[in-house]
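This is entry.cif. It holds mmCIF, N, CA and C atoms, pLDDT in the B column; chains and numbers go by the auth columns.
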```cif
data_run
#
loop_
_atom_site.group_PDB
_atom_site.id
_atom_site.type_symbol
_atom_site.label_atom_id
_atom_site.label_comp_id
_atom_site.label_asym_id
_atom_site.label_seq_id
_atom_site.Cartn_x
_atom_site.Cartn_y
_atom_site.Cartn_z
_atom_site.B_iso_or_equiv
_atom_site.auth_seq_id
_atom_site.auth_asym_id
ATOM 1 N N MET A 1 124.079 127.643 123.066 48.00 651 A
ATOM 2 C CA MET A 1 123.375 128.502 124.006 48.00 651 A
ATOM 3 C C MET A 1 124.097 128.478 125.345 48.00 651 A
ATOM 4 N N LYS A 2 124.389 129.632 125.898 50.00 652 A
ATOM 5 C CA LYS A 2 125.073 129.713 127.182 50.00 652 A
ATOM 6 C C LYS A 2 124.077 129.527 128.316 50.00 652 A
ATOM 7 N N ARG A 3 124.559 128.846 129.372 48.00 653 A
ATOM 8 C CA ARG A 3 123.739 128.680 130.575 48.00 653 A
ATOM 9 C C ARG A 3 123.862 129.927 131.440 48.00 653 A
ATOM 10 N N PRO A 4 122.803 130.251 132.181 49.00 654 A
ATOM 11 C CA PRO A 4 122.908 131.373 133.106 49.00 654 A
ATOM 12 C C PRO A 4 123.934 131.051 134.190 49.00 654 A
ATOM 13 N N LEU A 5 124.460 132.090 134.835 49.00 655 A
ATOM 14 C CA LEU A 5 125.464 131.906 135.875 49.00 655 A
ATOM 15 C C LEU A 5 124.962 130.967 136.969 49.00 655 A
ATOM 16 N N HIS A 6 123.724 131.104 137.370 54.00 656 A
ATOM 17 C CA HIS A 6 123.134 130.220 138.373 54.00 656 A
ATOM 18 C C HIS A 6 122.059 129.378 137.692 54.00 656 A
ATOM 19 N N SER A 7 122.383 128.134 137.423 64.00 657 A
ATOM 20 C CA SER A 7 121.436 127.251 136.749 64.00 657 A
ATOM 21 C C SER A 7 120.296 126.875 137.684 64.00 657 A
ATOM 22 N N THR A 8 119.168 126.597 137.103 80.00 658 A
ATOM 23 C CA THR A 8 118.010 126.139 137.848 80.00 658 A
ATOM 24 C C THR A 8 117.840 124.652 137.596 80.00 658 A
ATOM 25 N N TYR A 9 117.661 123.904 138.651 85.00 659 A
ATOM 26 C CA TYR A 9 117.397 122.483 138.514 85.00 659 A
ATOM 27 C C TYR A 9 116.033 122.180 139.107 85.00 659 A
ATOM 28 N N HIS A 10 115.455 121.073 138.687 90.00 660 A
ATOM 29 C CA HIS A 10 114.166 120.638 139.213 90.00 660 A
ATOM 30 C C HIS A 10 114.273 119.158 139.546 90.00 660 A
ATOM 31 N N ILE A 11 113.700 118.794 140.689 93.00 661 A
ATOM 32 C CA ILE A 11 113.619 117.390 141.095 93.00 661 A
ATOM 33 C C ILE A 11 112.161 117.108 141.436 93.00 661 A
ATOM 34 N N VAL A 12 111.602 116.100 140.791 95.00 662 A
ATOM 35 C CA VAL A 12 110.222 115.708 141.042 95.00 662 A
ATOM 36 C C VAL A 12 110.236 114.243 141.474 95.00 662 A
ATOM 37 N N ILE A 13 109.625 113.965 142.620 95.00 663 A
ATOM 38 C CA ILE A 13 109.506 112.588 143.102 95.00 663 A
ATOM 39 C C ILE A 13 108.038 112.196 142.981 95.00 663 A
ATOM 40 N N GLU A 14 107.770 111.155 142.208 95.00 664 A
ATOM 41 C CA GLU A 14 106.394 110.726 141.951 95.00 664 A
ATOM 42 C C GLU A 14 106.094 109.431 142.706 95.00 664 A
ATOM 43 N N ASN A 15 105.307 109.535 143.752 94.00 665 A
ATOM 44 C CA ASN A 15 104.802 108.384 144.505 94.00 665 A
ATOM 45 C C ASN A 15 105.888 107.420 144.971 94.00 665 A
ATOM 46 N N GLY A 16 107.100 107.901 145.189 93.00 666 A
ATOM 47 C CA GLY A 16 108.185 107.051 145.648 93.00 666 A
ATOM 48 C C GLY A 16 108.612 105.993 144.641 93.00 666 A
ATOM 49 N N LYS A 17 108.178 106.148 143.383 96.00 667 A
ATOM 50 C CA LYS A 17 108.483 105.157 142.352 96.00 667 A
ATOM 51 C C LYS A 17 109.263 105.727 141.173 96.00 667 A
ATOM 52 N N ARG A 18 109.370 107.043 141.103 96.00 668 A
ATOM 53 C CA ARG A 18 110.047 107.657 139.966 96.00 668 A
ATOM 54 C C ARG A 18 110.601 109.008 140.392 96.00 668 A
ATOM 55 N N VAL A 19 111.794 109.343 139.899 97.00 669 A
ATOM 56 C CA VAL A 19 112.401 110.647 140.148 97.00 669 A
ATOM 57 C C VAL A 19 112.783 111.257 138.811 97.00 669 A
ATOM 58 N N LEU A 20 112.384 112.492 138.600 96.00 670 A
ATOM 59 C CA LEU A 20 112.748 113.248 137.408 96.00 670 A
ATOM 60 C C LEU A 20 113.692 114.360 137.847 96.00 670 A
ATOM 61 N N ILE A 21 114.845 114.483 137.190 95.00 671 A
ATOM 62 C CA ILE A 21 115.840 115.488 137.551 95.00 671 A
ATOM 63 C C ILE A 21 116.250 116.229 136.286 95.00 671 A
ATOM 64 N N SER A 22 116.251 117.559 136.353 94.00 672 A
ATOM 65 C CA SER A 22 116.730 118.361 135.222 94.00 672 A
ATOM 66 C C SER A 22 118.068 118.993 135.577 94.00 672 A
ATOM 67 N N ASP A 23 118.762 119.513 134.588 91.00 673 A
ATOM 68 C CA ASP A 23 120.057 120.175 134.720 91.00 673 A
ATOM 69 C C ASP A 23 121.189 119.187 135.003 91.00 673 A
ATOM 70 N N CYS A 24 121.086 117.956 134.496 92.00 674 A
ATOM 71 C CA CYS A 24 122.105 116.926 134.705 92.00 674 A
ATOM 72 C C CYS A 24 123.277 117.116 133.749 92.00 674 A
ATOM 73 N N LYS A 25 124.480 116.893 134.267 91.00 675 A
ATOM 74 C CA LYS A 25 125.677 116.922 133.426 91.00 675 A
ATOM 75 C C LYS A 25 126.156 115.513 133.103 91.00 675 A
ATOM 76 N N ARG A 26 126.169 114.630 134.116 91.00 676 A
ATOM 77 C CA ARG A 26 126.627 113.260 133.876 91.00 676 A
ATOM 78 C C ARG A 26 126.191 112.348 135.014 91.00 676 A
ATOM 79 N N ILE A 27 126.274 111.039 134.757 93.00 677 A
ATOM 80 C CA ILE A 27 125.974 110.022 135.761 93.00 677 A
ATOM 81 C C ILE A 27 127.296 109.578 136.366 93.00 677 A
ATOM 82 N N ASN A 28 127.441 109.706 137.684 95.00 678 A
ATOM 83 C CA ASN A 28 128.670 109.350 138.387 95.00 678 A
ATOM 84 C C ASN A 28 128.668 107.904 138.867 95.00 678 A
ATOM 85 N N GLU A 29 127.521 107.447 139.339 96.00 679 A
ATOM 86 C CA GLU A 29 127.407 106.093 139.880 96.00 679 A
ATOM 87 C C GLU A 29 126.039 105.547 139.523 96.00 679 A
ATOM 88 N N TYR A 30 126.002 104.254 139.191 97.00 680 A
ATOM 89 C CA TYR A 30 124.740 103.640 138.781 97.00 680 A
ATOM 90 C C TYR A 30 124.719 102.200 139.263 97.00 680 A
ATOM 91 N N THR A 31 123.980 101.945 140.338 98.00 681 A
ATOM 92 C CA THR A 31 123.750 100.593 140.852 98.00 681 A
ATOM 93 C C THR A 31 122.254 100.470 141.122 98.00 681 A
ATOM 94 N N PRO A 32 121.750 99.256 141.372 98.00 682 A
ATOM 95 C CA PRO A 32 120.324 99.108 141.692 98.00 682 A
ATOM 96 C C PRO A 32 119.915 99.769 143.012 98.00 682 A
ATOM 97 N N GLU A 33 120.903 100.125 143.863 98.00 683 A
ATOM 98 C CA GLU A 33 120.612 100.759 145.154 98.00 683 A
ATOM 99 C C GLU A 33 120.920 102.248 145.190 98.00 683 A
ATOM 100 N N LYS A 34 121.723 102.741 144.215 98.00 684 A
ATOM 101 C CA LYS A 34 122.127 104.147 144.275 98.00 684 A
ATOM 102 C C LYS A 34 122.478 104.661 142.884 98.00 684 A
ATOM 103 N N ILE A 35 121.935 105.843 142.548 97.00 685 A
ATOM 104 C CA ILE A 35 122.289 106.533 141.313 97.00 685 A
ATOM 105 C C ILE A 35 122.680 107.957 141.690 97.00 685 A
ATOM 106 N N GLU A 36 123.914 108.334 141.344 97.00 686 A
ATOM 107 C CA GLU A 36 124.402 109.681 141.632 97.00 686 A
ATOM 108 C C GLU A 36 124.612 110.423 140.317 97.00 686 A
ATOM 109 N N VAL A 37 124.100 111.646 140.272 95.00 687 A
ATOM 110 C CA VAL A 37 124.127 112.462 139.061 95.00 687 A
ATOM 111 C C VAL A 37 124.760 113.810 139.382 95.00 687 A
ATOM 112 N N THR A 38 125.661 114.275 138.520 93.00 688 A
ATOM 113 C CA THR A 38 126.247 115.607 138.666 93.00 688 A
ATOM 114 C C THR A 38 125.337 116.636 138.009 93.00 688 A
ATOM 115 N N LEU A 39 125.076 117.712 138.747 92.00 689 A
ATOM 116 C CA LEU A 39 124.337 118.859 138.233 92.00 689 A
ATOM 117 C C LEU A 39 125.320 120.009 138.062 92.00 689 A
ATOM 118 N N HIS A 40 124.904 121.075 137.449 84.00 690 A
ATOM 119 C CA HIS A 40 125.727 122.275 137.398 84.00 690 A
ATOM 120 C C HIS A 40 125.706 122.882 138.800 84.00 690 A
ATOM 121 N N GLY A 41 126.786 122.696 139.567 83.00 691 A
ATOM 122 C CA GLY A 41 126.868 123.265 140.911 83.00 691 A
ATOM 123 C C GLY A 41 126.739 122.255 142.026 83.00 691 A
ATOM 124 N N GLY A 42 126.650 120.978 141.748 90.00 692 A
ATOM 125 C CA GLY A 42 126.532 119.988 142.816 90.00 692 A
ATOM 126 C C GLY A 42 126.161 118.621 142.285 90.00 692 A
ATOM 127 N N SER A 43 125.543 117.816 143.158 93.00 693 A
ATOM 128 C CA SER A 43 125.130 116.476 142.737 93.00 693 A
ATOM 129 C C SER A 43 123.870 116.055 143.480 93.00 693 A
ATOM 130 N N VAL A 44 123.183 115.069 142.918 95.00 694 A
ATOM 131 C CA VAL A 44 121.992 114.477 143.519 95.00 694 A
ATOM 132 C C VAL A 44 122.221 112.969 143.573 95.00 694 A
ATOM 133 N N THR A 45 121.963 112.374 144.739 97.00 695 A
ATOM 134 C CA THR A 45 122.047 110.928 144.891 97.00 695 A
ATOM 135 C C THR A 45 120.659 110.402 145.218 97.00 695 A
ATOM 136 N N VAL A 46 120.188 109.452 144.422 97.00 696 A
ATOM 137 C CA VAL A 46 118.902 108.796 144.660 97.00 696 A
ATOM 138 C C VAL A 46 119.215 107.411 145.214 97.00 696 A
ATOM 139 N N CYS A 47 118.649 107.078 146.368 98.00 697 A
ATOM 140 C CA CYS A 47 118.858 105.775 147.005 98.00 697 A
ATOM 141 C C CYS A 47 117.548 105.004 147.009 98.00 697 A
ATOM 142 N N GLY A 48 117.647 103.679 146.908 98.00 698 A
ATOM 143 C CA GLY A 48 116.443 102.867 146.930 98.00 698 A
ATOM 144 C C GLY A 48 116.730 101.431 146.563 98.00 698 A
ATOM 145 N N GLN A 49 115.737 100.779 145.993 98.00 699 A
ATOM 146 C CA GLN A 49 115.846 99.380 145.606 98.00 699 A
ATOM 147 C C GLN A 49 115.368 99.229 144.162 98.00 699 A
ATOM 148 N N GLY A 50 116.089 98.420 143.399 98.00 700 A
ATOM 149 C CA GLY A 50 115.699 98.170 142.011 98.00 700 A
ATOM 150 C C GLY A 50 115.707 99.417 141.148 98.00 700 A
ATOM 151 N N LEU A 51 116.630 100.340 141.423 98.00 701 A
ATOM 152 C CA LEU A 51 116.672 101.587 140.654 98.00 701 A
ATOM 153 C C LEU A 51 117.166 101.326 139.239 98.00 701 A
ATOM 154 N N THR A 52 116.499 101.961 138.295 97.00 702 A
ATOM 155 C CA THR A 52 116.881 101.847 136.888 97.00 702 A
ATOM 156 C C THR A 52 116.852 103.224 136.248 97.00 702 A
ATOM 157 N N LEU A 53 117.672 103.375 135.251 94.00 703 A
ATOM 158 C CA LEU A 53 117.693 104.591 134.464 94.00 703 A
ATOM 159 C C LEU A 53 116.685 104.419 133.341 94.00 703 A
ATOM 160 N N CYS A 54 115.558 105.111 133.445 93.00 704 A
ATOM 161 C CA CYS A 54 114.481 104.964 132.462 93.00 704 A
ATOM 162 C C CYS A 54 114.709 105.824 131.226 93.00 704 A
ATOM 163 N N ASP A 55 115.287 107.005 131.422 90.00 705 A
ATOM 164 C CA ASP A 55 115.474 107.918 130.304 90.00 705 A
ATOM 165 C C ASP A 55 116.553 108.925 130.660 90.00 705 A
ATOM 166 N N PHE A 56 117.379 109.283 129.696 87.00 706 A
ATOM 167 C CA PHE A 56 118.393 110.329 129.862 87.00 706 A
ATOM 168 C C PHE A 56 118.463 111.055 128.533 87.00 706 A
ATOM 169 N N PHE A 57 117.833 112.225 128.460 88.00 707 A
ATOM 170 C CA PHE A 57 117.744 112.965 127.216 88.00 707 A
ATOM 171 C C PHE A 57 118.148 114.411 127.475 88.00 707 A
ATOM 172 N N GLY A 58 119.162 114.872 126.769 87.00 708 A
ATOM 173 C CA GLY A 58 119.632 116.242 126.979 87.00 708 A
ATOM 174 C C GLY A 58 120.166 116.394 128.383 87.00 708 A
ATOM 175 N N ASP A 59 119.557 117.260 129.169 91.00 709 A
ATOM 176 C CA ASP A 59 119.993 117.436 130.557 91.00 709 A
ATOM 177 C C ASP A 59 118.951 116.918 131.551 91.00 709 A
ATOM 178 N N GLU A 60 118.039 116.062 131.106 94.00 710 A
ATOM 179 C CA GLU A 60 117.005 115.507 131.976 94.00 710 A
ATOM 180 C C GLU A 60 117.188 114.003 132.128 94.00 710 A
ATOM 181 N N ILE A 61 116.964 113.519 133.348 95.00 711 A
ATOM 182 C CA ILE A 61 117.096 112.100 133.644 95.00 711 A
ATOM 183 C C ILE A 61 115.835 111.632 134.369 95.00 711 A
ATOM 184 N N GLN A 62 115.457 110.403 134.111 97.00 712 A
ATOM 185 C CA GLN A 62 114.299 109.800 134.768 97.00 712 A
ATOM 186 C C GLN A 62 114.762 108.477 135.382 97.00 712 A
ATOM 187 N N ILE A 63 114.537 108.332 136.691 97.00 713 A
ATOM 188 C CA ILE A 63 114.949 107.149 137.436 97.00 713 A
ATOM 189 C C ILE A 63 113.700 106.449 137.954 97.00 713 A
ATOM 190 N N GLY A 64 113.620 105.135 137.772 97.00 714 A
ATOM 191 C CA GLY A 64 112.494 104.355 138.273 97.00 714 A
ATOM 192 C C GLY A 64 112.950 103.360 139.319 97.00 714 A
ATOM 193 N N GLY A 65 112.011 102.811 140.063 97.00 715 A
ATOM 194 C CA GLY A 65 112.298 101.839 141.117 97.00 715 A
ATOM 195 C C GLY A 65 111.657 102.280 142.421 97.00 715 A
ATOM 196 N N LYS A 66 112.022 101.622 143.516 97.00 716 A
ATOM 197 C CA LYS A 66 111.523 101.998 144.843 97.00 716 A
ATOM 198 C C LYS A 66 112.470 103.055 145.416 97.00 716 A
ATOM 199 N N VAL A 67 112.027 104.300 145.420 97.00 717 A
ATOM 200 C CA VAL A 67 112.848 105.425 145.871 97.00 717 A
ATOM 201 C C VAL A 67 112.698 105.566 147.381 97.00 717 A
ATOM 202 N N GLU A 68 113.849 105.504 148.085 96.00 718 A
ATOM 203 C CA GLU A 68 113.840 105.603 149.547 96.00 718 A
ATOM 204 C C GLU A 68 114.432 106.908 150.057 96.00 718 A
ATOM 205 N N GLY A 69 115.180 107.613 149.203 96.00 719 A
ATOM 206 C CA GLY A 69 115.760 108.878 149.643 96.00 719 A
ATOM 207 C C GLY A 69 116.433 109.610 148.509 96.00 719 A
ATOM 208 N N VAL A 70 116.546 110.943 148.681 95.00 720 A
ATOM 209 C CA VAL A 70 117.221 111.796 147.716 95.00 720 A
ATOM 210 C C VAL A 70 118.128 112.733 148.507 95.00 720 A
ATOM 211 N N LEU A 71 119.417 112.759 148.146 95.00 721 A
ATOM 212 C CA LEU A 71 120.403 113.568 148.845 95.00 721 A
ATOM 213 C C LEU A 71 120.963 114.606 147.888 95.00 721 A
ATOM 214 N N LEU A 72 120.974 115.879 148.311 93.00 722 A
ATOM 215 C CA LEU A 72 121.532 116.965 147.531 93.00 722 A
ATOM 216 C C LEU A 72 122.886 117.366 148.117 93.00 722 A
ATOM 217 N N LYS A 73 123.889 117.530 147.254 92.00 723 A
ATOM 218 C CA LYS A 73 125.220 117.968 147.713 92.00 723 A
ATOM 219 C C LYS A 73 125.718 119.059 146.789 92.00 723 A
ATOM 220 N N GLY A 74 126.369 120.065 147.386 83.00 724 A
ATOM 221 C CA GLY A 74 126.993 121.104 146.570 83.00 724 A
ATOM 222 C C GLY A 74 126.749 122.491 147.109 83.00 724 A
ATOM 223 N N GLU A 75 127.647 123.379 146.765 65.00 725 A
ATOM 224 C CA GLU A 75 127.570 124.752 147.251 65.00 725 A
ATOM 225 C C GLU A 75 126.433 125.547 146.644 65.00 725 A
ATOM 226 N N LYS A 76 126.072 125.243 145.399 61.00 726 A
ATOM 227 C CA LYS A 76 125.075 126.061 144.701 61.00 726 A
ATOM 228 C C LYS A 76 123.681 125.435 144.716 61.00 726 A
ATOM 229 N N LEU A 77 123.493 124.368 145.486 56.00 727 A
ATOM 230 C CA LEU A 77 122.185 123.708 145.509 56.00 727 A
ATOM 231 C C LEU A 77 121.325 124.250 146.611 56.00 727 A
#
```
As structure tokens, how would this structure be written, given the file I've shared?
Amino acid sequence: MKRPLHSTYHIVIENGKRVLISDCKRINEYTPEKIEVTLHGGSVTVCGQGLTLCDFFGDEIQIGGKVEGVLLKGEKL
């Protein structure tokens, strides 16, 4: 299945304890303080403490821990 020219991504932050991100291509960096994920058209960096990768299925990722910030980078974001 082909992706549309402009992909749609979704980021949901739940009570500062969990982040759900769709449209993920790959994980660039993974430490307990920072997880960076490439999206189609940019990247998302989640910063915090005790961050863990709870689930990565298809193009969706779930990050748990104490979330302190989310940074979006890229021309198409």
Answer key for the PyMOL selection byres ((chain A and resi 695) around 6.5), residues as an MDAnalysis selection string
chainID A and resid 684:687 693:694 696:697 719:723
Written selection (N, CA and C atoms) as a CSV table (one decimal), in the coordinates of the input:
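In the end it all went to out34.csv:
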```
chain,number,residue,atom,x,y,z
A,684,LYS,N,121.7,102.7,144.2
A,684,LYS,CA,122.1,104.1,144.3
A,684,LYS,C,122.5,104.7,142.9
A,685,ILE,N,121.9,105.8,142.5
A,685,ILE,CA,122.3,106.5,141.3
A,685,ILE,C,122.7,108.0,141.7
A,686,GLU,N,123.9,108.3,141.3
A,686,GLU,CA,124.4,109.7,141.6
A,686,GLU,C,124.6,110.4,140.3
A,687,VAL,N,124.1,111.6,140.3
A,687,VAL,CA,124.1,112.5,139.1
A,687,VAL,C,124.8,113.8,139.4
A,693,SER,N,125.5,117.8,143.2
A,693,SER,CA,125.1,116.5,142.7
A,693,SER,C,123.9,116.1,143.5
A,694,VAL,N,123.2,115.1,142.9
A,694,VAL,CA,122.0,114.5,143.5
A,694,VAL,C,122.2,113.0,143.6
A,696,VAL,N,120.2,109.5,144.4
A,696,VAL,CA,118.9,108.8,144.7
A,696,VAL,C,119.2,107.4,145.2
A,697,CYS,N,118.6,107.1,146.4
A,697,CYS,CA,118.9,105.8,147.0
A,697,CYS,C,117.5,105.0,147.0
A,719,GLY,N,115.2,107.6,149.2
A,719,GLY,CA,115.8,108.9,149.6
A,719,GLY,C,116.4,109.6,148.5
A,720,VAL,N,116.5,110.9,148.7
A,720,VAL,CA,117.2,111.8,147.7
A,720,VAL,C,118.1,112.7,148.5
A,721,LEU,N,119.4,112.8,148.1
A,721,LEU,CA,120.4,113.6,148.8
A,721,LEU,C,121.0,114.6,147.9
A,722,LEU,N,121.0,115.9,148.3
A,722,LEU,CA,121.5,117.0,147.5
A,722,LEU,C,122.9,117.4,148.1
A,723,LYS,N,123.9,117.5,147.3
A,723,LYS,CA,125.2,118.0,147.7
A,723,LYS,C,125.7,119.1,146.8
```
Counting only C-alpha atoms, which residue out of A:Cys704, A:Ile661, A:Asp709, A:Gln699 sits closest to Cys674 of chain A?
A:Asp709
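For the file shown, the residue list from the PyMOL selection byres ((chain A and resi 682) around 5) reads Tyr680, Thr681, Glu683, Lys684, Gln699, Gly700 and Leu701 of chain A.
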Just asking: which residues within chain A are strand (DSSP E) according to DSSP, as a ChimeraX atom specification?
/A:661-664,668-671,674-680,684-689,692-707,710-723
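When the PyMOL selection byres (((chain A and resi 668 and name CA) around 8) and name CA) is run on the displayed coordinates, the residues it returns are Ile663, Glu664, Asn665, Gly666, Lys667, Val669, Leu670, Gln712, Ile713, Gly714, Gly715, Lys716 and Val717 of chain A.
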Padding 4 Å on every side, please: axis-aligned box over the listed atoms of segment 689-708 of chain A, centre and edge lengths to one decimal in Å, as JSON.
```
{"center_x": 120.7, "center_y": 110.7, "center_z": 136.9, "size_x": 20.4, "size_y": 33.1, "size_z": 28.2}
```
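Between atom CA of Lys675 of chain A and atom CA of Glu710 of chain A lies a distance of 8.9 Å.
In this structure, atom CA of Gly698 of chain A sits 4.6 Å away from atom CA of Glu718 of chain A.
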As an exercise, work out the distance from atom CA of Thr658 of chain A to atom CA of Arg676 of chain A in Å and give it to one decimal place.
16.0 Å
Hey, what's within 5 Å of Ile711 of chain A if we count all atoms listed in the file and toss same-chain stuff fewer than 4 positions away? As a ChimeraX atom specification, please?
/A:670-671,705-706
